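J.: Here you go, query31.json (JSON, C-alpha atoms):
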```json
[["chain", "number", "residue", "atom", "x", "y", "z"],
["A", 1, "MET", "CA", 20.48, -16.43, 0.98],
["A", 2, "LYS", "CA", 17.84, -17.53, -1.49],
["A", 3, "GLY", "CA", 16.43, -15.47, -4.30],
["A", 4, "LEU", "CA", 17.76, -12.14, -5.53],
["A", 5, "THR", "CA", 20.64, -11.05, -3.33],
["A", 6, "VAL", "CA", 21.56, -7.54, -4.36],
["A", 7, "VAL", "CA", 23.95, -7.11, -1.44],
["A", 8, "SER", "CA", 25.28, -10.23, 0.22],
["A", 9, "GLY", "CA", 23.48, -10.90, 3.51],
["A", 10, "ALA", "CA", 21.30, -7.75, 3.31],
["A", 11, "LEU", "CA", 17.56, -7.61, 2.84],
["A", 12, "LYS", "CA", 16.52, -5.01, 0.27],
["A", 13, "GLN", "CA", 13.08, -3.38, 0.15],
["A", 14, "LEU", "CA", 11.78, -1.73, -3.01],
["A", 15, "VAL", "CA", 8.64, 0.42, -2.61],
["A", 16, "VAL", "CA", 6.55, 1.26, -5.69],
["A", 17, "ILE", "CA", 4.26, 4.29, -5.35],
["A", 18, "SER", "CA", 2.48, 6.85, -7.49],
["A", 19, "GLY", "CA", 1.15, 10.31, -6.86],
["A", 20, "LYS", "CA", -2.27, 9.30, -8.18],
["A", 21, "GLY", "CA", -4.30, 6.20, -8.83],
["A", 22, "GLY", "CA", -4.55, 4.49, -12.20],
["A", 23, "THR", "CA", -0.94, 4.83, -13.34],
["A", 24, "GLY", "CA", -0.39, 1.07, -13.64],
["A", 25, "LYS", "CA", 1.57, 0.78, -10.40],
["A", 26, "THR", "CA", 0.16, -2.60, -9.34],
["A", 27, "SER", "CA", 0.79, -4.15, -12.76],
["A", 28, "VAL", "CA", 4.38, -2.90, -12.62],
["A", 29, "VAL", "CA", 4.83, -4.43, -9.16],
["A", 30, "ALA", "CA", 3.53, -7.80, -10.36],
["A", 31, "ALA", "CA", 5.77, -7.67, -13.43],
["A", 32, "LEU", "CA", 8.87, -6.79, -11.41],
["A", 33, "ALA", "CA", 8.08, -9.63, -9.01],
["A", 34, "GLN", "CA", 7.95, -12.02, -11.97],
["A", 35, "LEU", "CA", 11.31, -10.78, -13.24],
["A", 36, "ALA", "CA", 12.90, -10.94, -9.79],
["A", 37, "GLY", "CA", 11.38, -14.38, -9.26],
["A", 38, "LYS", "CA", 13.48, -15.84, -12.07],
["A", 39, "ALA", "CA", 16.44, -15.72, -9.70],
["A", 40, "GLY", "CA", 14.53, -17.21, -6.77],
["A", 41, "PRO", "CA", 11.68, -16.40, -4.37],
["A", 42, "VAL", "CA", 10.69, -12.81, -3.70],
["A", 43, "VAL", "CA", 8.31, -11.43, -1.07],
["A", 44, "THR", "CA", 5.62, -9.04, -2.28],
["A", 45, "ALA", "CA", 3.47, -6.82, -0.07],
["A", 46, "ASP", "CA", 0.31, -4.91, -0.96],
["A", 47, "CYS", "CA", 0.15, -1.79, 1.21],
["A", 48, "ASP", "CA", -2.71, -0.23, -0.73],
["A", 49, "VAL", "CA", -4.98, -1.63, 1.99],
["A", 50, "GLU", "CA", -8.01, 0.48, 1.06],
["A", 51, "ALA", "CA", -8.07, -0.96, -2.47],
["A", 52, "ALA", "CA", -5.79, -3.99, -2.38],
["A", 53, "ASN", "CA", -5.71, -5.79, -5.74],
["A", 54, "LEU", "CA", -2.16, -7.10, -6.16],
["A", 55, "ALA", "CA", -3.44, -10.59, -5.29],
["A", 56, "LEU", "CA", -5.60, -10.51, -8.43],
["A", 57, "VAL", "CA", -2.54, -10.58, -10.69],
["A", 58, "MET", "CA", -0.13, -12.53, -8.48],
["A", 59, "GLY", "CA", -2.14, -15.76, -8.41],
["A", 60, "GLY", "CA", -2.17, -18.38, -5.69],
["A", 61, "GLY", "CA", -4.51, -18.62, -2.71],
["A", 62, "ASP", "CA", -4.50, -17.27, 0.83],
["A", 63, "ASP", "CA", -2.85, -19.54, 3.39],
["A", 64, "SER", "CA", -3.67, -17.52, 6.49],
["A", 65, "SER", "CA", -6.02, -14.78, 7.68],
["A", 66, "GLU", "CA", -5.82, -12.93, 10.99],
["A", 67, "PRO", "CA", -7.96, -10.12, 12.39],
["A", 68, "PHE", "CA", -6.27, -6.74, 12.55],
["A", 69, "MET", "CA", -7.24, -4.93, 15.75],
["A", 70, "ALA", "CA", -6.96, -1.16, 16.10],
["A", 71, "GLY", "CA", -8.75, 1.33, 18.31],
["A", 72, "GLN", "CA", -11.75, 0.63, 20.52],
["A", 73, "ARG", "CA", -15.54, 0.92, 20.45],
["A", 74, "ALA", "CA", -17.86, 1.93, 23.28],
["A", 75, "HIS", "CA", -20.57, -0.25, 24.78],
["A", 76, "VAL", "CA", -23.31, 0.88, 27.18],
["A", 77, "ASP", "CA", -24.42, -1.60, 29.86],
["A", 78, "PRO", "CA", -28.23, -1.28, 29.99],
["A", 79, "ASP", "CA", -28.32, -2.75, 33.50],
["A", 80, "ARG", "CA", -26.18, 0.07, 34.89],
["A", 81, "CYS", "CA", -27.34, 2.98, 32.72],
["A", 82, "SER", "CA", -29.89, 5.37, 34.26],
["A", 83, "GLY", "CA", -30.73, 6.95, 30.91],
["A", 84, "CYS", "CA", -29.53, 10.46, 31.82],
["A", 85, "GLY", "CA", -28.49, 11.12, 28.22],
["A", 86, "LEU", "CA", -25.21, 12.91, 29.00],
["A", 87, "CYS", "CA", -23.24, 10.55, 26.77],
["A", 88, "VAL", "CA", -25.56, 11.25, 23.85],
["A", 89, "GLU", "CA", -25.30, 14.98, 24.47],
["A", 90, "HIS", "CA", -21.51, 15.05, 24.59],
["A", 91, "CYS", "CA", -20.69, 12.65, 21.71],
["A", 92, "ARG", "CA", -19.49, 14.92, 18.90],
["A", 93, "PHE", "CA", -19.58, 12.01, 16.43],
["A", 94, "GLU", "CA", -23.30, 11.34, 17.03],
["A", 95, "ALA", "CA", -22.47, 7.70, 17.65],
["A", 96, "LEU", "CA", -24.97, 7.35, 20.51],
["A", 97, "SER", "CA", -28.75, 7.41, 20.37],
["A", 98, "SER", "CA", -31.30, 7.06, 23.22],
["A", 99, "ASP", "CA", -34.23, 4.64, 23.01],
["A", 100, "PRO", "CA", -34.38, 5.29, 26.05],
["A", 101, "ILE", "CA", -31.12, 3.54, 26.98],
["A", 102, "PRO", "CA", -28.25, 4.78, 24.76],
["A", 103, "THR", "CA", -27.00, 2.43, 22.05],
["A", 104, "VAL", "CA", -23.74, 2.79, 20.15],
["A", 105, "ASP", "CA", -23.32, 2.83, 16.37],
["A", 106, "PRO", "CA", -19.98, 1.01, 15.92],
["A", 107, "LEU", "CA", -19.43, 2.58, 12.50],
["A", 108, "ALA", "CA", -19.70, 6.11, 13.93],
["A", 109, "CYS", "CA", -17.92, 5.52, 17.26],
["A", 110, "GLU", "CA", -14.31, 6.75, 17.36],
["A", 111, "GLY", "CA", -13.54, 5.29, 20.78],
["A", 112, "CYS", "CA", -12.55, 8.72, 22.12],
["A", 113, "GLY", "CA", -13.83, 7.98, 25.66],
["A", 114, "VAL", "CA", -15.89, 11.13, 26.26],
["A", 115, "CYS", "CA", -19.01, 9.05, 26.93],
["A", 116, "ALA", "CA", -17.22, 7.18, 29.72],
["A", 117, "LEU", "CA", -15.87, 10.45, 31.12],
["A", 118, "VAL", "CA", -19.31, 12.02, 31.56],
["A", 119, "CYS", "CA", -21.13, 8.85, 32.65],
["A", 120, "ALA", "CA", -21.99, 9.01, 36.37],
["A", 121, "ASP", "CA", -23.25, 5.41, 36.34],
["A", 122, "ASP", "CA", -19.98, 3.85, 35.16],
["A", 123, "ALA", "CA", -22.06, 2.13, 32.47],
["A", 124, "VAL", "CA", -19.67, 2.57, 29.54],
["A", 125, "SER", "CA", -16.99, 0.02, 28.67],
["A", 126, "PHE", "CA", -14.80, -0.46, 25.62],
["A", 127, "THR", "CA", -13.95, -3.42, 23.42],
["A", 128, "GLU", "CA", -11.06, -3.77, 21.00],
["A", 129, "ASN", "CA", -12.05, -2.93, 17.43],
["A", 130, "GLN", "CA", -11.39, -5.17, 14.44],
["A", 131, "ALA", "CA", -10.29, -2.75, 11.72],
["A", 132, "GLY", "CA", -9.57, -5.33, 9.02],
["A", 133, "LEU", "CA", -7.82, -8.55, 8.08],
["A", 134, "SER", "CA", -4.15, -9.40, 7.63],
["A", 135, "LEU", "CA", -3.63, -12.01, 4.92],
["A", 136, "GLN", "CA", -0.82, -14.07, 3.47],
["A", 137, "ARG", "CA", -0.72, -16.27, 0.39],
["A", 138, "SER", "CA", 1.67, -18.37, -1.63],
["A", 139, "THR", "CA", 2.23, -17.24, -5.21],
["A", 140, "PRO", "CA", 4.33, -18.78, -8.00],
["A", 141, "VAL", "CA", 7.20, -16.37, -7.18],
["A", 142, "GLY", "CA", 6.98, -16.36, -3.39],
["A", 143, "PRO", "CA", 4.92, -15.16, -0.41],
["A", 144, "LEU", "CA", 2.48, -12.26, -0.75],
["A", 145, "VAL", "CA", 1.47, -10.32, 2.35],
["A", 146, "HIS", "CA", -1.67, -8.22, 1.94],
["A", 147, "ALA", "CA", -4.65, -6.91, 3.91],
["A", 148, "GLN", "CA", -8.24, -5.73, 3.79],
["A", 149, "LEU", "CA", -9.32, -2.59, 5.62],
["A", 150, "GLY", "CA", -12.81, -2.88, 7.08],
["A", 151, "VAL", "CA", -15.78, -0.69, 6.17],
["A", 152, "ALA", "CA", -15.61, 2.83, 7.68],
["A", 153, "GLN", "CA", -12.24, 2.10, 9.33],
["A", 154, "GLU", "CA", -9.55, 4.77, 9.56],
["A", 155, "SER", "CA", -6.53, 2.82, 10.77],
["A", 156, "SER", "CA", -5.00, 2.37, 7.31],
["A", 157, "GLY", "CA", -1.60, 3.75, 8.40],
["A", 158, "LYS", "CA", -1.34, 1.18, 11.19],
["A", 159, "LEU", "CA", -2.48, -1.62, 8.91],
["A", 160, "VAL", "CA", 0.10, -0.58, 6.30],
["A", 161, "ALA", "CA", 2.82, -0.67, 8.97],
["A", 162, "SER", "CA", 1.62, -4.13, 9.98],
["A", 163, "VAL", "CA", 1.82, -5.40, 6.39],
["A", 164, "ARG", "CA", 5.33, -3.96, 5.97],
["A", 165, "GLN", "CA", 6.53, -5.53, 9.21],
["A", 166, "ARG", "CA", 5.03, -8.90, 8.37],
["A", 167, "ALA", "CA", 6.59, -8.90, 4.89],
["A", 168, "LYS", "CA", 10.00, -8.17, 6.40],
["A", 169, "GLU", "CA", 9.59, -10.97, 8.94],
["A", 170, "VAL", "CA", 8.57, -13.46, 6.25],
["A", 171, "ALA", "CA", 11.59, -12.53, 4.12],
["A", 172, "GLU", "CA", 13.96, -12.94, 7.06],
["A", 173, "GLN", "CA", 12.39, -16.23, 8.16],
["A", 174, "GLU", "CA", 12.58, -17.74, 4.68],
["A", 175, "GLY", "CA", 15.97, -16.28, 3.74],
["A", 176, "ILE", "CA", 14.62, -14.19, 0.86],
["A", 177, "GLY", "CA", 16.72, -11.16, -0.10],
["A", 178, "LEU", "CA", 14.10, -8.87, -1.68],
["A", 179, "VAL", "CA", 10.73, -7.40, -0.72],
["A", 180, "ILE", "CA", 8.74, -5.52, -3.38],
["A", 181, "VAL", "CA", 5.99, -3.33, -1.93],
["A", 182, "ASP", "CA", 2.93, -2.05, -3.78],
["A", 183, "GLY", "CA", 2.20, 1.25, -2.05],
["A", 184, "PRO", "CA", -0.97, 3.36, -1.91],
["A", 185, "PRO", "CA", -1.41, 6.41, -4.14],
["A", 186, "GLY", "CA", -1.04, 9.97, -2.88],
["A", 187, "ILE", "CA", 1.27, 11.43, -0.24],
["A", 188, "GLY", "CA", -0.71, 10.90, 2.97],
["A", 189, "CYS", "CA", -0.17, 8.87, 6.13],
["A", 190, "PRO", "CA", -0.46, 5.42, 4.46],
["A", 191, "VAL", "CA", 2.30, 6.42, 2.03],
["A", 192, "HIS", "CA", 4.52, 7.58, 4.90],
["A", 193, "ALA", "CA", 4.01, 4.21, 6.61],
["A", 194, "THR", "CA", 4.84, 2.43, 3.36],
["A", 195, "LEU", "CA", 8.10, 4.30, 2.79],
["A", 196, "THR", "CA", 9.52, 3.66, 6.26],
["A", 197, "GLY", "CA", 12.75, 1.69, 6.10],
["A", 198, "CYS", "CA", 12.80, 1.11, 2.35],
["A", 199, "ASP", "CA", 16.00, 1.08, 0.28],
["A", 200, "LEU", "CA", 14.65, 2.50, -2.98],
["A", 201, "VAL", "CA", 11.44, 4.15, -4.17],
["A", 202, "LEU", "CA", 10.12, 3.54, -7.68],
["A", 203, "VAL", "CA", 7.57, 6.16, -8.72],
["A", 204, "VAL", "CA", 5.23, 5.12, -11.54],
["A", 205, "THR", "CA", 3.69, 8.05, -13.39],
["A", 206, "GLU", "CA", 1.91, 8.86, -16.64],
["A", 207, "PRO", "CA", 2.14, 11.78, -19.09],
["A", 208, "THR", "CA", -0.91, 13.76, -17.98],
["A", 209, "ALA", "CA", -1.28, 17.10, -16.21],
["A", 210, "SER", "CA", -2.28, 15.39, -12.96],
["A", 211, "GLY", "CA", 0.48, 12.80, -13.37],
["A", 212, "GLU", "CA", 3.11, 15.52, -13.75],
["A", 213, "HIS", "CA", 1.76, 17.54, -10.82],
["A", 214, "ASP", "CA", 1.46, 14.58, -8.46],
["A", 215, "LEU", "CA", 4.90, 13.27, -9.42],
["A", 216, "GLY", "CA", 6.33, 16.54, -8.18],
["A", 217, "ARG", "CA", 4.56, 16.12, -4.84],
["A", 218, "VAL", "CA", 5.75, 12.54, -4.45],
["A", 219, "LEU", "CA", 9.36, 13.42, -5.25],
["A", 220, "GLU", "CA", 9.23, 16.24, -2.69],
["A", 221, "LEU", "CA", 7.96, 13.75, -0.11],
["A", 222, "VAL", "CA", 10.70, 11.25, -0.94],
["A", 223, "ALA", "CA", 13.33, 14.00, -0.70],
["A", 224, "HIS", "CA", 11.91, 15.08, 2.65],
["A", 225, "PHE", "CA", 12.54, 11.59, 4.02],
["A", 226, "ARG", "CA", 15.99, 11.58, 2.37],
["A", 227, "MET", "CA", 15.31, 8.50, 0.30],
["A", 228, "ARG", "CA", 16.53, 7.58, -3.16],
["A", 229, "ALA", "CA", 14.02, 7.40, -5.99],
["A", 230, "VAL", "CA", 13.77, 6.37, -9.63],
["A", 231, "VAL", "CA", 10.89, 6.99, -12.05],
["A", 232, "LEU", "CA", 9.05, 4.87, -14.60],
["A", 233, "ILE", "CA", 6.79, 6.57, -17.16],
["A", 234, "ASN", "CA", 3.84, 4.46, -18.26],
["A", 235, "LYS", "CA", 2.06, 5.11, -21.58],
["A", 236, "TYR", "CA", 4.69, 7.72, -22.32],
["A", 237, "ASP", "CA", 3.90, 7.95, -26.03],
["A", 238, "LEU", "CA", 0.35, 9.23, -25.47],
["A", 239, "ALA", "CA", 1.79, 12.68, -24.75],
["A", 240, "PRO", "CA", 5.52, 12.77, -25.61],
["A", 241, "GLU", "CA", 5.94, 16.46, -24.69],
["A", 242, "VAL", "CA", 4.51, 15.89, -21.21],
["A", 243, "ALA", "CA", 6.68, 12.78, -20.86],
["A", 244, "GLU", "CA", 9.75, 14.87, -21.60],
["A", 245, "ARG", "CA", 8.72, 17.43, -18.96],
["A", 246, "ILE", "CA", 8.28, 14.61, -16.49],
["A", 247, "ALA", "CA", 11.73, 13.26, -17.34],
["A", 248, "ALA", "CA", 13.22, 16.72, -16.81],
["A", 249, "LEU", "CA", 11.42, 17.04, -13.46],
["A", 250, "ALA", "CA", 12.73, 13.65, -12.40],
["A", 251, "GLU", "CA", 16.27, 14.61, -13.42],
["A", 252, "ARG", "CA", 16.11, 17.84, -11.41],
["A", 253, "SER", "CA", 14.93, 15.83, -8.43],
["A", 254, "SER", "CA", 17.85, 13.36, -8.72],
["A", 255, "ALA", "CA", 15.37, 10.61, -9.58],
["A", 256, "PRO", "CA", 16.48, 9.16, -12.94],
["A", 257, "VAL", "CA", 13.97, 7.67, -15.34],
["A", 258, "VAL", "CA", 14.62, 3.91, -15.50],
["A", 259, "GLY", "CA", 11.99, 3.01, -18.05],
["A", 260, "ARG", "CA", 9.27, 4.13, -20.46],
["A", 261, "ILE", "CA", 6.40, 1.82, -21.31],
["A", 262, "PRO", "CA", 4.41, 2.64, -24.47],
["A", 263, "PHE", "CA", 0.64, 2.50, -24.72],
["A", 264, "ASP", "CA", -0.63, -0.66, -26.39],
["A", 265, "ARG", "CA", -4.25, -1.82, -26.44],
["A", 266, "ALA", "CA", -3.06, -5.42, -26.35],
["A", 267, "ILE", "CA", -1.33, -4.70, -23.03],
["A", 268, "ALA", "CA", -4.53, -3.19, -21.64],
["A", 269, "ARG", "CA", -6.61, -6.16, -22.78],
["A", 270, "ALA", "CA", -4.21, -8.67, -21.23],
["A", 271, "LEU", "CA", -4.09, -6.81, -17.90],
["A", 272, "ALA", "CA", -7.89, -6.58, -17.86],
["A", 273, "GLU", "CA", -7.93, -10.38, -18.06],
["A", 274, "GLY", "CA", -5.44, -10.68, -15.19],
["A", 275, "GLU", "CA", -2.50, -11.61, -17.42],
["A", 276, "LEU", "CA", 0.96, -10.07, -17.41],
["A", 277, "PRO", "CA", 1.72, -9.78, -21.15],
["A", 278, "PHE", "CA", 5.39, -10.64, -21.22],
["A", 279, "HIS", "CA", 4.76, -12.08, -24.68],
["A", 280, "LEU", "CA", 4.35, -8.51, -25.94],
["A", 281, "PRO", "CA", 7.68, -6.74, -26.67],
["A", 282, "ALA", "CA", 6.12, -3.36, -25.87],
["A", 283, "PHE", "CA", 5.60, -4.60, -22.31],
["A", 284, "ALA", "CA", 8.46, -7.05, -21.75],
["A", 285, "ALA", "CA", 11.41, -5.06, -23.12],
["A", 286, "PRO", "CA", 10.89, -1.79, -21.19],
["A", 287, "LEU", "CA", 10.25, -3.64, -17.94],
["A", 288, "ALA", "CA", 13.32, -5.81, -18.34],
["A", 289, "GLU", "CA", 15.39, -2.67, -18.96],
["A", 290, "ALA", "CA", 13.82, -0.94, -15.96],
["A", 291, "TRP", "CA", 14.46, -3.97, -13.74],
["A", 292, "GLN", "CA", 18.14, -3.97, -14.63],
["A", 293, "ALA", "CA", 18.41, -0.28, -13.74],
["A", 294, "ILE", "CA", 16.48, -0.81, -10.49],
["A", 295, "GLN", "CA", 18.84, -3.61, -9.44],
["A", 296, "GLU", "CA", 21.81, -1.32, -10.05],
["A", 297, "SER", "CA", 20.19, 1.37, -7.90],
["A", 298, "LEU", "CA", 19.49, -1.15, -5.13],
["A", 299, "ARG", "CA", 23.15, -2.14, -5.13],
["A", 300, "GLY", "CA", 24.23, 1.49, -4.83]]
```
When written as structure tokens, how does the structure in this file appear?

T.:
Amino acid sequence: MKGLTVVSGALKQLVVISGKGGTGKTSVVAALAQLAGKAGPVVTADCDVEAANLALVMGGGDDSSEPFMAGQRAHVDPDRCSGCGLCVEHCRFEALSSDPIPTVDPLACEGCGVCALVCADDAVSFTENQAGLSLQRSTPVGPLVHAQLGVAQESSGKLVASVRQRAKEVAEQEGIGLVIVDGPPGIGCPVHATLTGCDLVLVVTEPTASGEHDLGRVLELVAHFRMRAVVLINKYDLAPEVAERIAALAERSSAPVVGRIPFDRAIARALAEGELPFHLPAFAAPLAEAWQAIQESLRG
């Protein structure tokens, strides 16, 4: 097996999440992929489909793009419609308007089928809905699977599951032993879809009141699914007392802290320019230490 093989013959999947946005999760994913890539190719996956930006720091260009289909949208046949208006009256999403034949707003339509149910003219049909795009690119450290959710689409959980499945397939096809997943923030359905089948969860947090609160929610979620977790505290030195409370919370939740990254304006400037600042000890040393601890946890 090529690349990082933490257990001989077994594919390992590391999911990186955070309870809130803006903790530096995506930058950590890209950095870990670079470190893992020193041993060979690694597959990365961006499951934050509503705000996917891992590709911005991973480099490379997209090799393939496929439509992601989910749900359906109604269509009214004007040649069969008598203009009775029952579909307009019964649509709770106000997706239909009469002028005088009903027309459908595809952004408002949920594809629930009530319009077809009440239509005596059999004038309503449904077409498959394109909810977004599934993408894949080649990066300097290996394949990246990512996606774009379309405007006003609500199938993010399904798209996340599709990205996860595709990343696993790519790893198995190419004999790569590790998948690193950039998950969405929060604890909702897209996060549940991201966590499914993973071997280890890395939670990236920051020493703020919201960071501490949301870390607790994430660790409860991970415990609910009976998964193992570790924690990385970003910008820990901005509020050392809060960072210590976070470390204590992680310890109580059986999620050891594997790294602490200090705040450094040079790190922020480099990341703003799309560069991973491994030339800065404040960035490189803590991440290398965290990566060693993460590999040990993956082996366990």

J.: Let me make sure I understand: among A:Ala161, A:Asp199, A:Ser210, A:Gly111, which one has the smallest atom-to-atom distance to A:Arg92 if we use all atoms listed in the file?

T.: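 Under the stated criterion, the closest residue is A:Gly111.
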
J.: Within 8 Å of stretch 183-194 of chain A, counting all atoms listed in the file, which residues qualify if same-chain residues fewer than 2 places away don't, as a ChimeraX atom specification?

T.: /A:15-21,46-49,156-158,160-161,164,181,196,214,217-218,221

J.: Counting all atoms listed in the file, which of A:Ala52, A:Ile101, A:Ala33, A:Leu276 gets nearest to A:Gly142?

T.: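 Of A:Ala52, A:Ile101, A:Ala33, A:Leu276, the one nearest A:Gly142, counting all atoms listed in the file, is A:Ala33.
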
J.: In Å to one decimal, how far is atom CA of A:Glu212 from atom CA of A:Gln34?

T.: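 About the pair atom CA of A:Gln34 and atom CA of A:Glu212: they are 28.0 Å apart.
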
J.: Identify, on the basis of all atoms listed in the file, every residue whose closest approach to stretch 282-286 of chain A does not exceed 12 Å; exclude the query and any residue fewer than 5 positions from it along the same chain; express the result as a VMD selection string.

T.: chain A and resid 24 27 to 28 31 to 32 34 to 35 232 to 237 257 to 268 270 to 271 275 to 277 291 to 293

J.: If I take atom CA of A:Gln173 and atom CA of A:Leu202, how far is one from the other in Å, to one decimal?

T.: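 Spanning atom CA of A:Gln173 to atom CA of A:Leu202 is a straight-line distance of 25.4 Å.
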
J.: So which residues touch A:Ala74 within 12 Å, counting only C-alpha atoms, skipping near sequence neighbours fewer than 5 positions away, as a VMD selection string?

T.: chain A and resid 87 91 95 to 96 102 to 117 123 to 129

J.: Could you turn the residues from that selection into a file that holds C-alpha atoms, as a tab-separated table (two decimals), in the frame of the given file?

T.:
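Done, and the output landed in result08.tsv:
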```tsv
chain	number	residue	atom	x	y	z
A	87	CYS	CA	-23.24	10.55	26.77
A	91	CYS	CA	-20.69	12.65	21.71
A	95	ALA	CA	-22.47	7.70	17.65
A	96	LEU	CA	-24.97	7.35	20.51
A	102	PRO	CA	-28.25	4.78	24.76
A	103	THR	CA	-27.00	2.43	22.05
A	104	VAL	CA	-23.74	2.79	20.15
A	105	ASP	CA	-23.32	2.83	16.37
A	106	PRO	CA	-19.98	1.01	15.92
A	107	LEU	CA	-19.43	2.58	12.50
A	108	ALA	CA	-19.70	6.11	13.93
A	109	CYS	CA	-17.92	5.52	17.26
A	110	GLU	CA	-14.31	6.75	17.36
A	111	GLY	CA	-13.54	5.29	20.78
A	112	CYS	CA	-12.55	8.72	22.12
A	113	GLY	CA	-13.83	7.98	25.66
A	114	VAL	CA	-15.89	11.13	26.26
A	115	CYS	CA	-19.01	9.05	26.93
A	116	ALA	CA	-17.22	7.18	29.72
A	117	LEU	CA	-15.87	10.45	31.12
A	123	ALA	CA	-22.06	2.13	32.47
A	124	VAL	CA	-19.67	2.57	29.54
A	125	SER	CA	-16.99	0.02	28.67
A	126	PHE	CA	-14.80	-0.46	25.62
A	127	THR	CA	-13.95	-3.42	23.42
A	128	GLU	CA	-11.06	-3.77	21.00
A	129	ASN	CA	-12.05	-2.93	17.43
```

J.: I'd like to know which of A:Glu289, A:Glu273, A:Glu241, A:Glu296 is closest to A:Val57, using all atoms listed in the file.

T.: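 Comparing A:Glu289, A:Glu273, A:Glu241, A:Glu296 against A:Val57, the winner is A:Glu273.
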
J.: Using all atoms listed in the file, which residue out of A:His224, A:Ile176, A:Glu169, A:Arg80 lies closest to A:Val141?

T.: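 Ranking A:His224, A:Ile176, A:Glu169, A:Arg80 by distance to A:Val141, first place goes to A:Ile176.
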
J.: Atoms are missing here; could stretch 155-172 of chain A be completed with N, CA and C atoms and written as a PDB file, keeping the file's coordinate frame?

T.:
```pdb
ATOM      1  N   SER A 155      -7.845   3.190  10.249  1.00  0.00           N
ATOM      2  CA  SER A 155      -6.530   2.820  10.770  1.00  0.00           C
ATOM      3  C   SER A 155      -5.623   2.298   9.664  1.00  0.00           C
ATOM      4  N   SER A 156      -5.740   2.885   8.461  1.00  0.00           N
ATOM      5  CA  SER A 156      -5.000   2.370   7.310  1.00  0.00           C
ATOM      6  C   SER A 156      -3.490   2.495   7.509  1.00  0.00           C
ATOM      7  N   GLY A 157      -3.037   3.591   8.160  1.00  0.00           N
ATOM      8  CA  GLY A 157      -1.600   3.750   8.400  1.00  0.00           C
ATOM      9  C   GLY A 157      -1.050   2.634   9.261  1.00  0.00           C
ATOM     10  N   LYS A 158      -1.776   2.269  10.314  1.00  0.00           N
ATOM     11  CA  LYS A 158      -1.340   1.180  11.190  1.00  0.00           C
ATOM     12  C   LYS A 158      -1.372  -0.156  10.472  1.00  0.00           C
ATOM     13  N   LEU A 159      -2.387  -0.363   9.644  1.00  0.00           N
ATOM     14  CA  LEU A 159      -2.480  -1.620   8.910  1.00  0.00           C
ATOM     15  C   LEU A 159      -1.357  -1.725   7.885  1.00  0.00           C
ATOM     16  N   VAL A 160      -1.028  -0.610   7.234  1.00  0.00           N
ATOM     17  CA  VAL A 160       0.100  -0.580   6.300  1.00  0.00           C
ATOM     18  C   VAL A 160       1.397  -0.960   7.035  1.00  0.00           C
ATOM     19  N   ALA A 161       1.614  -0.370   8.195  1.00  0.00           N
ATOM     20  CA  ALA A 161       2.820  -0.670   8.970  1.00  0.00           C
ATOM     21  C   ALA A 161       2.862  -2.152   9.346  1.00  0.00           C
ATOM     22  N   SER A 162       1.692  -2.712   9.650  1.00  0.00           N
ATOM     23  CA  SER A 162       1.620  -4.130   9.980  1.00  0.00           C
ATOM     24  C   SER A 162       1.990  -5.007   8.798  1.00  0.00           C
ATOM     25  N   VAL A 163       1.494  -4.642   7.603  1.00  0.00           N
ATOM     26  CA  VAL A 163       1.820  -5.400   6.390  1.00  0.00           C
ATOM     27  C   VAL A 163       3.317  -5.331   6.107  1.00  0.00           C
ATOM     28  N   ARG A 164       3.891  -4.122   6.206  1.00  0.00           N
ATOM     29  CA  ARG A 164       5.330  -3.960   5.970  1.00  0.00           C
ATOM     30  C   ARG A 164       6.149  -4.815   6.932  1.00  0.00           C
ATOM     31  N   GLN A 165       5.787  -4.776   8.202  1.00  0.00           N
ATOM     32  CA  GLN A 165       6.530  -5.530   9.210  1.00  0.00           C
ATOM     33  C   GLN A 165       6.422  -7.025   8.963  1.00  0.00           C
ATOM     34  N   ARG A 166       5.219  -7.484   8.626  1.00  0.00           N
ATOM     35  CA  ARG A 166       5.030  -8.900   8.370  1.00  0.00           C
ATOM     36  C   ARG A 166       5.817  -9.356   7.145  1.00  0.00           C
ATOM     37  N   ALA A 167       5.836  -8.553   6.093  1.00  0.00           N
ATOM     38  CA  ALA A 167       6.590  -8.900   4.890  1.00  0.00           C
ATOM     39  C   ALA A 167       8.079  -9.029   5.197  1.00  0.00           C
ATOM     40  N   LYS A 168       8.587  -8.114   6.010  1.00  0.00           N
ATOM     41  CA  LYS A 168      10.000  -8.170   6.400  1.00  0.00           C
ATOM     42  C   LYS A 168      10.291  -9.438   7.199  1.00  0.00           C
ATOM     43  N   GLU A 169       9.394  -9.764   8.116  1.00  0.00           N
ATOM     44  CA  GLU A 169       9.590 -10.970   8.940  1.00  0.00           C
ATOM     45  C   GLU A 169       9.577 -12.228   8.085  1.00  0.00           C
ATOM     46  N   VAL A 170       8.647 -12.291   7.128  1.00  0.00           N
ATOM     47  CA  VAL A 170       8.570 -13.460   6.250  1.00  0.00           C
ATOM     48  C   VAL A 170       9.852 -13.605   5.434  1.00  0.00           C
ATOM     49  N   ALA A 171      10.358 -12.483   4.906  1.00  0.00           N
ATOM     50  CA  ALA A 171      11.590 -12.530   4.120  1.00  0.00           C
ATOM     51  C   ALA A 171      12.758 -13.021   4.963  1.00  0.00           C
ATOM     52  N   GLU A 172      12.850 -12.526   6.191  1.00  0.00           N
ATOM     53  CA  GLU A 172      13.960 -12.940   7.060  1.00  0.00           C
ATOM     54  C   GLU A 172      13.821 -14.397   7.471  1.00  0.00           C
TER      55      GLU A 172
END
```
